[in-house]
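K.L.:
Data: structure05.cif, mmCIF, C-alpha atoms and all ligand atoms.
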data_target
loop_
_atom_site.label_atom_id
_atom_site.label_comp_id
_atom_site.auth_asym_id
_atom_site.auth_seq_id
_atom_site.Cartn_x
_atom_site.Cartn_y
_atom_site.Cartn_z
CA MET A 1 164.60 71.50 206.53
CA GLN A 2 168.14 70.70 207.68
CA GLN A 3 171.01 73.13 208.05
CA LEU A 4 173.65 72.46 205.39
CA CYS A 5 176.62 73.44 207.56
CA SER A 6 175.84 70.73 210.11
CA PHE A 7 176.81 68.08 207.52
CA SER A 8 180.30 66.65 207.15
CA LEU A 9 181.61 65.77 203.70
CA GLU A 10 180.96 62.07 204.37
CA GLU A 11 177.39 62.81 205.43
CA LEU A 12 176.82 64.90 202.31
CA LYS A 13 178.16 62.07 200.13
CA ALA A 14 175.72 59.68 201.77
CA TRP A 15 172.91 62.18 201.21
CA MET A 16 173.80 62.58 197.52
CA GLU A 17 173.79 58.81 196.98
CA ALA A 18 170.52 58.37 198.86
CA ASN A 19 169.00 61.05 196.66
CA GLY A 20 170.09 59.60 193.30
CA GLU A 21 173.10 61.90 192.80
CA LYS A 22 176.78 61.09 192.23
CA SER A 23 178.74 61.27 195.49
CA PHE A 24 181.41 63.57 193.99
CA ARG A 25 178.74 66.30 193.94
CA ALA A 26 179.15 66.44 197.73
CA GLY A 27 182.80 67.48 197.25
CA GLN A 28 181.72 70.23 194.86
CA LEU A 29 179.08 71.45 197.31
CA PHE A 30 181.55 71.41 200.22
CA GLU A 31 184.07 73.34 198.14
CA TRP A 32 181.50 75.97 197.21
CA VAL A 33 180.62 76.63 200.84
CA TYR A 34 184.02 76.48 202.50
CA VAL A 35 186.62 77.20 199.80
CA LYS A 36 184.93 79.23 197.07
CA ARG A 37 182.86 81.11 199.68
CA ALA A 38 179.52 80.92 197.86
CA SER A 39 176.88 82.97 199.65
CA SER A 40 173.90 80.94 198.34
CA PHE A 41 172.97 77.88 196.26
CA ASP A 42 172.50 80.18 193.24
CA ALA A 43 176.22 80.90 193.16
CA MET A 44 177.14 77.18 192.83
CA THR A 45 177.27 77.22 189.06
CA ASN A 46 178.85 73.80 188.43
CA LEU A 47 175.87 72.14 190.10
CA SER A 48 172.92 71.63 187.75
CA VAL A 49 169.84 73.79 188.20
CA PRO A 50 167.69 70.73 189.20
CA LEU A 51 170.28 69.69 191.81
CA ARG A 52 170.43 73.21 193.23
CA GLU A 53 166.63 73.15 193.43
CA LYS A 54 166.73 69.82 195.22
CA LEU A 55 169.33 71.13 197.67
CA ARG A 56 167.21 74.20 198.33
CA THR A 57 164.22 72.08 199.30
CA HIS A 58 166.27 69.91 201.69
CA PHE A 59 168.82 72.28 203.19
CA SER A 60 168.92 75.80 204.51
CA TYR A 61 172.00 77.81 203.53
CA PRO A 62 172.67 80.30 204.86
CA SER A 63 170.91 79.54 208.13
CA ILE A 64 171.97 82.70 209.94
CA LYS A 65 171.60 86.25 208.69
CA GLN A 66 174.07 89.09 209.21
CA LEU A 67 172.23 92.06 210.74
CA ARG A 68 175.06 94.43 211.55
CA VAL A 69 178.83 94.87 211.63
CA LEU A 70 180.48 97.36 213.98
CA GLU A 71 184.12 98.35 213.60
CA SER A 72 186.30 99.60 216.44
CA GLU A 73 188.01 102.98 216.14
CA ASP A 74 191.40 101.37 215.57
CA LYS A 75 189.79 99.15 212.88
CA GLU A 76 191.33 96.05 214.45
CA THR A 77 188.13 94.59 215.88
CA LEU A 78 184.81 93.95 214.16
CA LYS A 79 181.68 92.78 215.90
CA PHE A 80 179.07 90.87 213.88
CA LEU A 81 175.44 90.54 214.95
CA TRP A 82 173.59 87.50 213.55
CA GLU A 83 169.94 86.57 213.45
CA LEU A 84 169.17 82.86 213.88
CA PRO A 85 166.24 81.08 212.20
CA ASP A 86 164.07 81.62 215.32
CA GLN A 87 164.95 85.35 215.36
CA LYS A 88 167.23 84.98 218.37
CA ARG A 89 170.50 86.86 218.08
CA VAL A 90 174.14 86.17 218.81
CA GLU A 91 177.40 87.96 218.15
CA SER A 92 180.89 87.05 216.97
CA VAL A 93 184.04 89.12 217.00
CA LEU A 94 186.79 89.27 214.38
CA ILE A 95 190.16 90.39 215.72
CA LEU A 96 192.84 91.52 213.27
CA SER A 97 196.29 91.16 214.76
CA GLY A 98 199.35 91.01 212.49
CA ASP A 99 198.72 88.12 210.09
CA ARG A 100 196.15 86.58 212.40
CA ARG A 101 192.46 86.73 211.64
CA THR A 102 190.86 85.35 214.79
CA VAL A 103 187.14 84.78 215.13
CA CYS A 104 185.59 84.56 218.56
CA VAL A 105 182.42 82.49 218.08
CA SER A 106 179.32 82.13 220.24
CA SER A 107 178.14 78.62 221.09
CA GLN A 108 174.88 79.36 222.93
CA VAL A 109 172.20 82.05 223.08
CA GLY A 110 172.80 83.43 226.57
CA CYS A 111 174.88 81.40 228.99
CA PRO A 112 174.15 79.20 232.00
CA ALA A 113 177.36 80.19 233.85
CA ARG A 114 176.21 83.70 234.87
CA CYS A 115 179.70 85.00 235.61
CA ALA A 116 179.46 88.16 237.71
CA PHE A 117 181.38 90.35 235.25
CA CYS A 118 179.77 89.17 232.02
CA ALA A 119 176.98 90.64 229.92
CA SER A 120 176.26 87.33 228.17
CA GLY A 121 175.37 85.43 231.31
CA ARG A 122 173.00 87.96 232.84
CA GLU A 123 169.81 86.36 231.58
CA GLY A 124 170.90 82.75 231.75
CA LEU A 125 170.74 80.23 228.91
CA MET A 126 168.11 80.58 226.19
CA ARG A 127 169.23 77.77 223.89
CA ASN A 128 172.17 75.95 222.38
CA LEU A 129 173.40 76.80 218.91
CA SER A 130 173.50 74.03 216.30
CA ALA A 131 176.83 73.05 214.77
CA ALA A 132 175.77 74.88 211.58
CA GLU A 133 174.95 78.08 213.47
CA ILE A 134 178.46 78.00 214.97
CA VAL A 135 180.23 77.10 211.71
CA GLU A 136 178.35 79.72 209.70
CA GLN A 137 179.68 82.51 211.93
CA VAL A 138 183.12 81.64 210.55
CA VAL A 139 181.92 80.94 207.01
CA HIS A 140 180.26 84.36 206.72
CA ILE A 141 183.19 86.20 208.26
CA ASN A 142 185.38 84.46 205.67
CA LEU A 143 183.03 85.85 203.05
CA HIS A 144 183.50 89.31 204.58
CA LEU A 145 187.29 88.89 204.32
CA ALA A 146 187.26 87.61 200.72
CA PRO A 147 187.55 91.03 198.99
CA LEU A 148 190.75 91.64 201.01
CA GLY A 149 192.19 88.30 199.91
CA GLU A 150 192.22 87.15 203.54
CA ARG A 151 190.70 84.29 205.49
CA VAL A 152 190.04 83.31 209.07
CA SER A 153 193.17 81.75 210.58
CA HIS A 154 192.26 81.14 214.26
CA ILE A 155 189.08 80.35 216.13
CA VAL A 156 188.31 80.82 219.81
CA PHE A 157 185.16 79.58 221.50
CA MET A 158 185.00 82.59 223.81
CA GLY A 159 181.87 84.38 222.64
CA MET A 160 178.47 83.97 224.20
CA GLY A 161 177.93 80.64 225.97
CA GLU A 162 179.74 77.84 227.78
CA PRO A 163 180.97 75.63 224.92
CA LEU A 164 181.24 72.43 226.96
CA GLU A 165 177.56 72.68 227.90
CA ASN A 166 176.77 72.39 224.19
CA TYR A 167 179.24 69.57 223.78
CA GLU A 168 178.04 67.63 220.71
CA ALA A 169 177.41 70.71 218.55
CA VAL A 170 180.72 72.29 219.56
CA VAL A 171 182.73 69.13 218.81
CA LYS A 172 180.93 68.70 215.49
CA SER A 173 181.61 72.34 214.60
CA ILE A 174 185.31 71.89 215.39
CA GLN A 175 185.44 68.83 213.13
CA LEU A 176 183.77 70.82 210.35
CA LEU A 177 186.05 73.85 210.76
CA HIS A 178 189.08 71.57 210.74
CA ALA A 179 188.00 69.44 207.72
CA PRO A 180 190.92 69.44 205.22
CA GLU A 181 188.56 69.66 202.21
CA GLY A 182 186.93 72.74 203.75
CA LEU A 183 188.29 75.57 205.87
CA ASN A 184 191.15 73.33 207.00
CA ILE A 185 191.84 75.26 210.20
CA SER A 186 194.49 73.47 212.22
CA GLN A 187 193.45 72.10 215.63
CA ARG A 188 196.36 74.04 217.10
CA ARG A 189 194.63 77.22 215.99
CA ILE A 190 191.34 76.36 217.65
CA THR A 191 190.82 77.21 221.32
CA VAL A 192 187.95 76.26 223.59
CA SER A 193 187.37 78.29 226.73
CA THR A 194 185.42 76.79 229.63
CA VAL A 195 184.46 77.69 233.18
CA GLY A 196 185.31 74.08 234.04
CA VAL A 197 182.65 71.48 233.24
CA VAL A 198 184.68 68.65 234.71
CA GLU A 199 183.12 65.58 233.05
CA GLN A 200 183.18 67.27 229.64
CA ILE A 201 186.87 68.25 229.99
CA HIS A 202 187.66 64.55 230.52
CA ARG A 203 185.49 63.67 227.52
CA LEU A 204 187.15 66.29 225.31
CA ALA A 205 190.57 64.93 226.24
CA LYS A 206 189.57 61.57 224.73
CA GLU A 207 188.40 63.03 221.41
CA GLU A 208 190.61 62.92 218.35
CA LEU A 209 190.63 66.72 218.52
CA LYS A 210 193.71 68.20 220.15
CA VAL A 211 192.44 71.74 220.52
CA ASN A 212 193.77 74.26 223.03
CA LEU A 213 191.80 74.44 226.25
CA VAL A 214 191.50 77.56 228.37
CA LEU A 215 190.05 77.55 231.86
CA SER A 216 188.28 80.66 233.13
CA LEU A 217 189.69 80.47 236.63
CA HIS A 218 189.19 84.05 237.88
CA ALA A 219 189.92 83.23 241.54
CA PRO A 220 192.64 81.70 243.71
CA ASN A 221 190.21 79.60 245.79
CA GLN A 222 186.76 78.01 245.68
CA HIS A 223 185.24 80.59 248.03
CA ILE A 224 185.93 83.56 245.73
CA ARG A 225 185.39 81.52 242.59
CA LYS A 226 181.83 80.64 243.62
CA LYS A 227 181.06 84.34 243.96
CA ILE A 228 182.46 85.24 240.56
CA ILE A 229 181.19 82.15 238.70
CA PRO A 230 177.98 80.93 240.37
CA TYR A 231 178.13 77.88 238.11
CA ALA A 232 181.38 76.84 239.73
CA ARG A 233 179.48 75.71 242.84
CA LYS A 234 178.94 72.43 241.02
CA TYR A 235 182.66 71.88 240.53
CA PRO A 236 185.23 72.21 243.34
CA ILE A 237 188.33 74.05 242.13
CA GLU A 238 190.57 71.04 242.91
CA GLU A 239 188.49 68.78 240.65
CA VAL A 240 188.57 71.33 237.84
CA LEU A 241 192.37 71.62 238.07
CA LEU A 242 192.73 67.82 238.08
CA ALA A 243 190.61 67.67 234.93
CA MET A 244 192.87 70.30 233.31
CA ASP A 245 195.94 68.23 234.31
CA ALA A 246 194.33 65.18 232.68
CA TYR A 247 193.69 67.20 229.52
CA PHE A 248 197.32 68.25 229.44
CA GLU A 249 198.51 64.67 229.96
CA GLU A 250 196.32 63.36 227.17
CA THR A 251 196.87 66.08 224.57
CA LYS A 252 200.19 67.70 225.53
CA ARG A 253 198.60 71.04 224.78
CA ASP A 254 199.72 73.85 227.09
CA ILE A 255 197.09 74.99 229.51
CA THR A 256 195.99 78.59 229.90
CA PHE A 257 194.13 80.01 232.87
CA GLU A 258 192.19 83.21 232.39
CA TYR A 259 191.97 85.53 235.35
CA THR A 260 189.71 88.58 235.09
CA LEU A 261 190.94 91.14 237.60
CA LEU A 262 188.13 92.77 239.56
CA ALA A 263 189.02 95.60 241.92
CA GLY A 264 188.53 94.68 245.57
CA ILE A 265 187.39 91.14 244.78
CA ASN A 266 190.26 89.04 243.45
CA ASP A 267 193.13 91.50 242.94
CA TYR A 268 194.91 91.59 246.34
CA ARG A 269 198.56 90.62 246.89
CA THR A 270 197.38 87.66 248.97
CA HIS A 271 195.24 86.48 246.05
CA ALA A 272 198.25 86.56 243.73
CA GLU A 273 200.28 84.59 246.28
CA GLU A 274 197.50 82.05 246.74
CA LEU A 275 197.10 81.71 242.98
CA ALA A 276 200.83 81.08 242.58
CA MET A 277 200.61 78.30 245.18
CA LEU A 278 197.57 76.79 243.47
CA LEU A 279 199.33 76.63 240.09
CA LYS A 280 202.78 75.71 241.40
CA ASP A 281 204.59 73.16 239.19
CA LYS A 282 201.99 73.37 236.42
CA GLN A 283 203.08 73.96 232.84
CA CYS A 284 200.68 76.78 232.21
CA THR A 285 200.15 80.43 231.41
CA VAL A 286 197.97 82.82 233.38
CA ASN A 287 196.26 85.35 231.14
CA LEU A 288 195.39 88.43 233.21
CA ILE A 289 192.39 90.33 231.87
CA PRO A 290 191.61 93.67 233.48
CA TYR A 291 187.81 93.83 233.80
CA ASN A 292 185.94 95.42 230.88
CA PRO A 293 183.02 97.58 232.06
CA VAL A 294 179.50 96.29 231.42
CA ASP A 295 176.50 98.63 231.84
CA GLY A 296 174.53 97.97 234.99
CA LEU A 297 177.26 96.01 236.80
CA ASN A 298 178.76 97.52 239.91
CA LEU A 299 182.31 96.27 239.29
CA ARG A 300 185.57 98.09 238.75
CA ARG A 301 188.84 97.49 236.94
CA PRO A 302 191.91 97.62 239.22
CA GLU A 303 194.43 100.45 238.85
CA LYS A 304 197.31 99.76 236.47
CA GLU A 305 199.84 99.61 239.36
CA LYS A 306 197.75 96.98 241.10
CA ILE A 307 197.64 94.86 237.95
CA GLU A 308 201.40 95.20 237.53
CA GLU A 309 201.97 94.18 241.15
CA PHE A 310 199.70 91.14 240.74
CA ARG A 311 201.59 90.10 237.66
CA ALA A 312 204.99 90.61 239.29
CA ILE A 313 204.05 88.35 242.21
CA LEU A 314 203.12 85.54 239.82
CA GLU A 315 206.25 85.96 237.72
CA GLU A 316 208.51 86.03 240.79
CA ARG A 317 207.09 82.59 241.56
CA ASN A 318 207.79 81.35 238.02
CA ILE A 319 204.22 81.49 236.80
CA ASN A 320 204.19 82.51 233.17
CA THR A 321 201.77 85.40 232.64
CA THR A 322 200.34 87.46 229.84
CA TRP A 323 198.38 90.61 230.21
CA ARG A 324 195.79 90.63 227.52
CA TYR A 325 195.61 93.88 225.62
CA THR A 326 191.88 94.44 225.34
CA LYS A 327 190.59 95.12 221.87
CA GLY A 328 187.19 96.36 220.77
CA LYS A 329 186.12 98.06 224.01
CA ASP A 330 184.52 100.95 222.12
CA ILE A 331 182.12 98.56 220.36
CA ALA A 332 181.53 96.34 223.44
CA ALA A 333 183.35 93.45 221.77
CA ALA A 334 185.87 92.84 224.54
CA CYS A 335 185.85 89.82 226.83
CA GLY A 336 182.57 89.55 228.77
CA GLN A 337 180.88 92.36 226.85
CA LEU A 338 178.88 90.37 224.30
CA ALA A 339 175.25 90.72 225.30
CA LEU A 340 171.89 89.43 224.23
CA GLN A 341 170.68 91.75 221.49
CA ARG A 342 167.05 92.60 221.11
CA VAL A 343 167.24 96.04 219.54
CA PRO A 344 166.52 96.26 215.82
CA PRO A 345 169.66 96.79 213.73
CA GLN A 346 170.52 100.40 212.86
S1 LIG B 401 182.15 84.83 230.82
FE1 LIG B 401 181.72 83.16 229.39
S2 LIG B 401 181.07 81.49 230.70
FE2 LIG B 401 180.91 83.34 231.96
S3 LIG B 401 178.76 84.02 231.70
FE3 LIG B 401 180.03 85.06 230.16
S4 LIG B 401 179.83 83.80 228.33
FE4 LIG B 401 179.21 82.54 230.07
#
Starting from the file, give its structure as structure tokens.
Ligand code: SF4

P.N.:
Amino acid sequence: MQQLCSFSLEELKAWMEANGEKSFRAGQLFEWVYVKRASSFDAMTNLSVPLREKLRTHFSYPSIKQLRVLESEDKETLKFLWELPDQKRVESVLILSGDRRTVCVSSQVGCPARCAFCASGREGLMRNLSAAEIVEQVVHINLHLAPLGERVSHIVFMGMGEPLENYEAVVKSIQLLHAPEGLNISQRRITVSTVGVVEQIHRLAKEELKVNLVLSLHAPNQHIRKKIIPYARKYPIEEVLLAMDAYFEETKRDITFEYTLLAGINDYRTHAEELAMLLKDKQCTVNLIPYNPVDGLNLRRPEKEKIEEFRAILEERNINTTWRYTKGKDIAAACGQLALQRVPPQ
């Protein structure tokens, strides 16, 4: 059985024709899933009963099952726990901010990058998600928003996993999320975050997709970076930055560098000065993220004054910075806190 949400409209048209159906039925099916927010084949009432039966025998929809939704105290962050067809579990986060409805999707079960501060990477990679398993996170959250008359407006690939290590499925999912006949989410509103898989950054730059790219930098030099992101040993920091420059040249999208501040590790004055030198003359923003505690990790968040000093040093040297206000800490939905879930849902 194939997963319905891995199919583009063109692929569904081809399937309809190959299965003795009119190709316009594919448009109706696509509309049911992405626009009319049907939760199952049964709800697709302008498709005949025999066609719905045929679809049911060929395609799975939905492919992932919602197990639990947690809401933060301020009600601005919701964390969704999904069960995949093989009973593995991943999470997504919905962030409500003004008019924005941003979904942070997972792209893998576990993560190969094993960043020192992150819950997701602690057990390494278990498997890649399919394009459908990525897309359905957004489709089902859209369903959740339907009674409020709202829909997902932005997508960030910042949940569990390193998106560029699941390249084909991630690119396909972006194409599906962007499809004008479907969710029609602008490429400008889709952001991919990577620890810096150099060859895949170059490849992404050549795609027709002009999505925003964020580099998880987290250090001002290769020595510290290797400690924070073990995966970064494969990719010297200079090569990663050159790849980001190439992405900027090709797409003209602004570049963002994420920098998780860890007390005593990468938060000294000298680190801020070194970082400013490293990024000198780049058209970029540095997003400072004070570390979010993860159970079992012996790491600390710097004091507020230290964070402010770090930021001031960058700004004095004309590096544009933001200090990300962390949402969803009370439900472990903040950056780096999504973990492999094995416990049964409450
Ligand atoms: S921070 Fe991102 S890239 Fe690093 S281990 Fe966690 S999920 Fe993977």

K.L.:
Work out how far CA of Arg52 in chain A is from CA of Leu9 in chain A, in Å to one decimal.

P.N.:
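The value is 17.0 Å.
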
K.L.:
Using all atoms listed in the file, what are the residues with an atom within 9 Å of ligand LIG 401 (chain B), set out as a ChimeraX atom specification?

P.N.:
/A:106,108,110-122,124-125,158-163,193-195,216,228-229,231,335-339

K.L.:
Just to confirm, what's the straight-line distance from CA of Pro220 in chain A to CA of His154 in chain A in Å (one decimal)?

P.N.:
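Separating CA of Pro220 in chain A from CA of His154 in chain A is a distance of 29.5 Å.
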
K.L.:
For Ala272 in chain A, please output as a ChimeraX atom specification all residues within 10 Å (counting only C-alpha atoms; exclusion window: fewer than 2 positions along the same chain).

P.N.:
/A:219-220,266-270,274-278,309-314,317

K.L.:
Rounded to one decimal, what separation in Å do you get between CA of Thr102 in chain A and CA of Val156 in chain A?

P.N.:
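Atom-to-atom, CA of Thr102 in chain A to CA of Val156 in chain A, that is 7.2 Å.
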
K.L.:
May I have the residues within 12 Å of Leu51 in chain A as a list in words, using only C-alpha atoms and disregarding those fewer than 2 positions away in the same chain?

P.N.:
Met16, Asn19, Gly20, Glu21, Lys22, Arg25, Ala26, Gln28, Leu29, Phe41, Asp42, Met44, Thr45, Asn46, Leu47, Ser48, Val49, Glu53, Lys54, Leu55, Arg56, Thr57, His58 and Phe59 of chain A

K.L.:
Using only C-alpha atoms for the distances, tell me which of A:Ile224, A:Val105, A:Val171, A:Val152 is nearest to Lys210 in chain A.

P.N.:
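Answer, going by the shortest atom-to-atom distance: A:Val171.
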
K.L.:
Please extract range 60-82 of chain A and write it out with C-alpha atoms, as a tab-separated table (two decimals), in the first residue's frame.

P.N.:
chain	number	residue	atom	x	y	z
A	60	SER	CA	-3.15	4.72	3.00
A	61	TYR	CA	-4.67	7.97	4.26
A	62	PRO	CA	-4.08	8.99	6.92
A	63	SER	CA	-0.72	7.28	7.32
A	64	ILE	CA	0.14	8.78	10.69
A	65	LYS	CA	-2.05	8.79	13.78
A	66	GLN	CA	-2.34	11.59	16.32
A	67	LEU	CA	-1.68	10.18	19.80
A	68	ARG	CA	-1.58	13.30	21.93
A	69	VAL	CA	-1.65	17.10	21.90
A	70	LEU	CA	-0.09	19.12	24.71
A	71	GLU	CA	-0.75	22.84	25.09
A	72	SER	CA	1.63	25.26	26.80
A	73	GLU	CA	0.39	27.34	29.72
A	74	ASP	CA	0.27	30.50	27.61
A	75	LYS	CA	-1.69	28.53	24.95
A	76	GLU	CA	0.67	29.76	22.23
A	77	THR	CA	2.46	26.46	21.64
A	78	LEU	CA	1.00	23.02	20.97
A	79	LYS	CA	3.02	19.85	20.72
A	80	PHE	CA	1.62	16.95	18.67
A	81	LEU	CA	2.75	13.36	19.11
A	82	TRP	CA	2.26	11.10	16.06
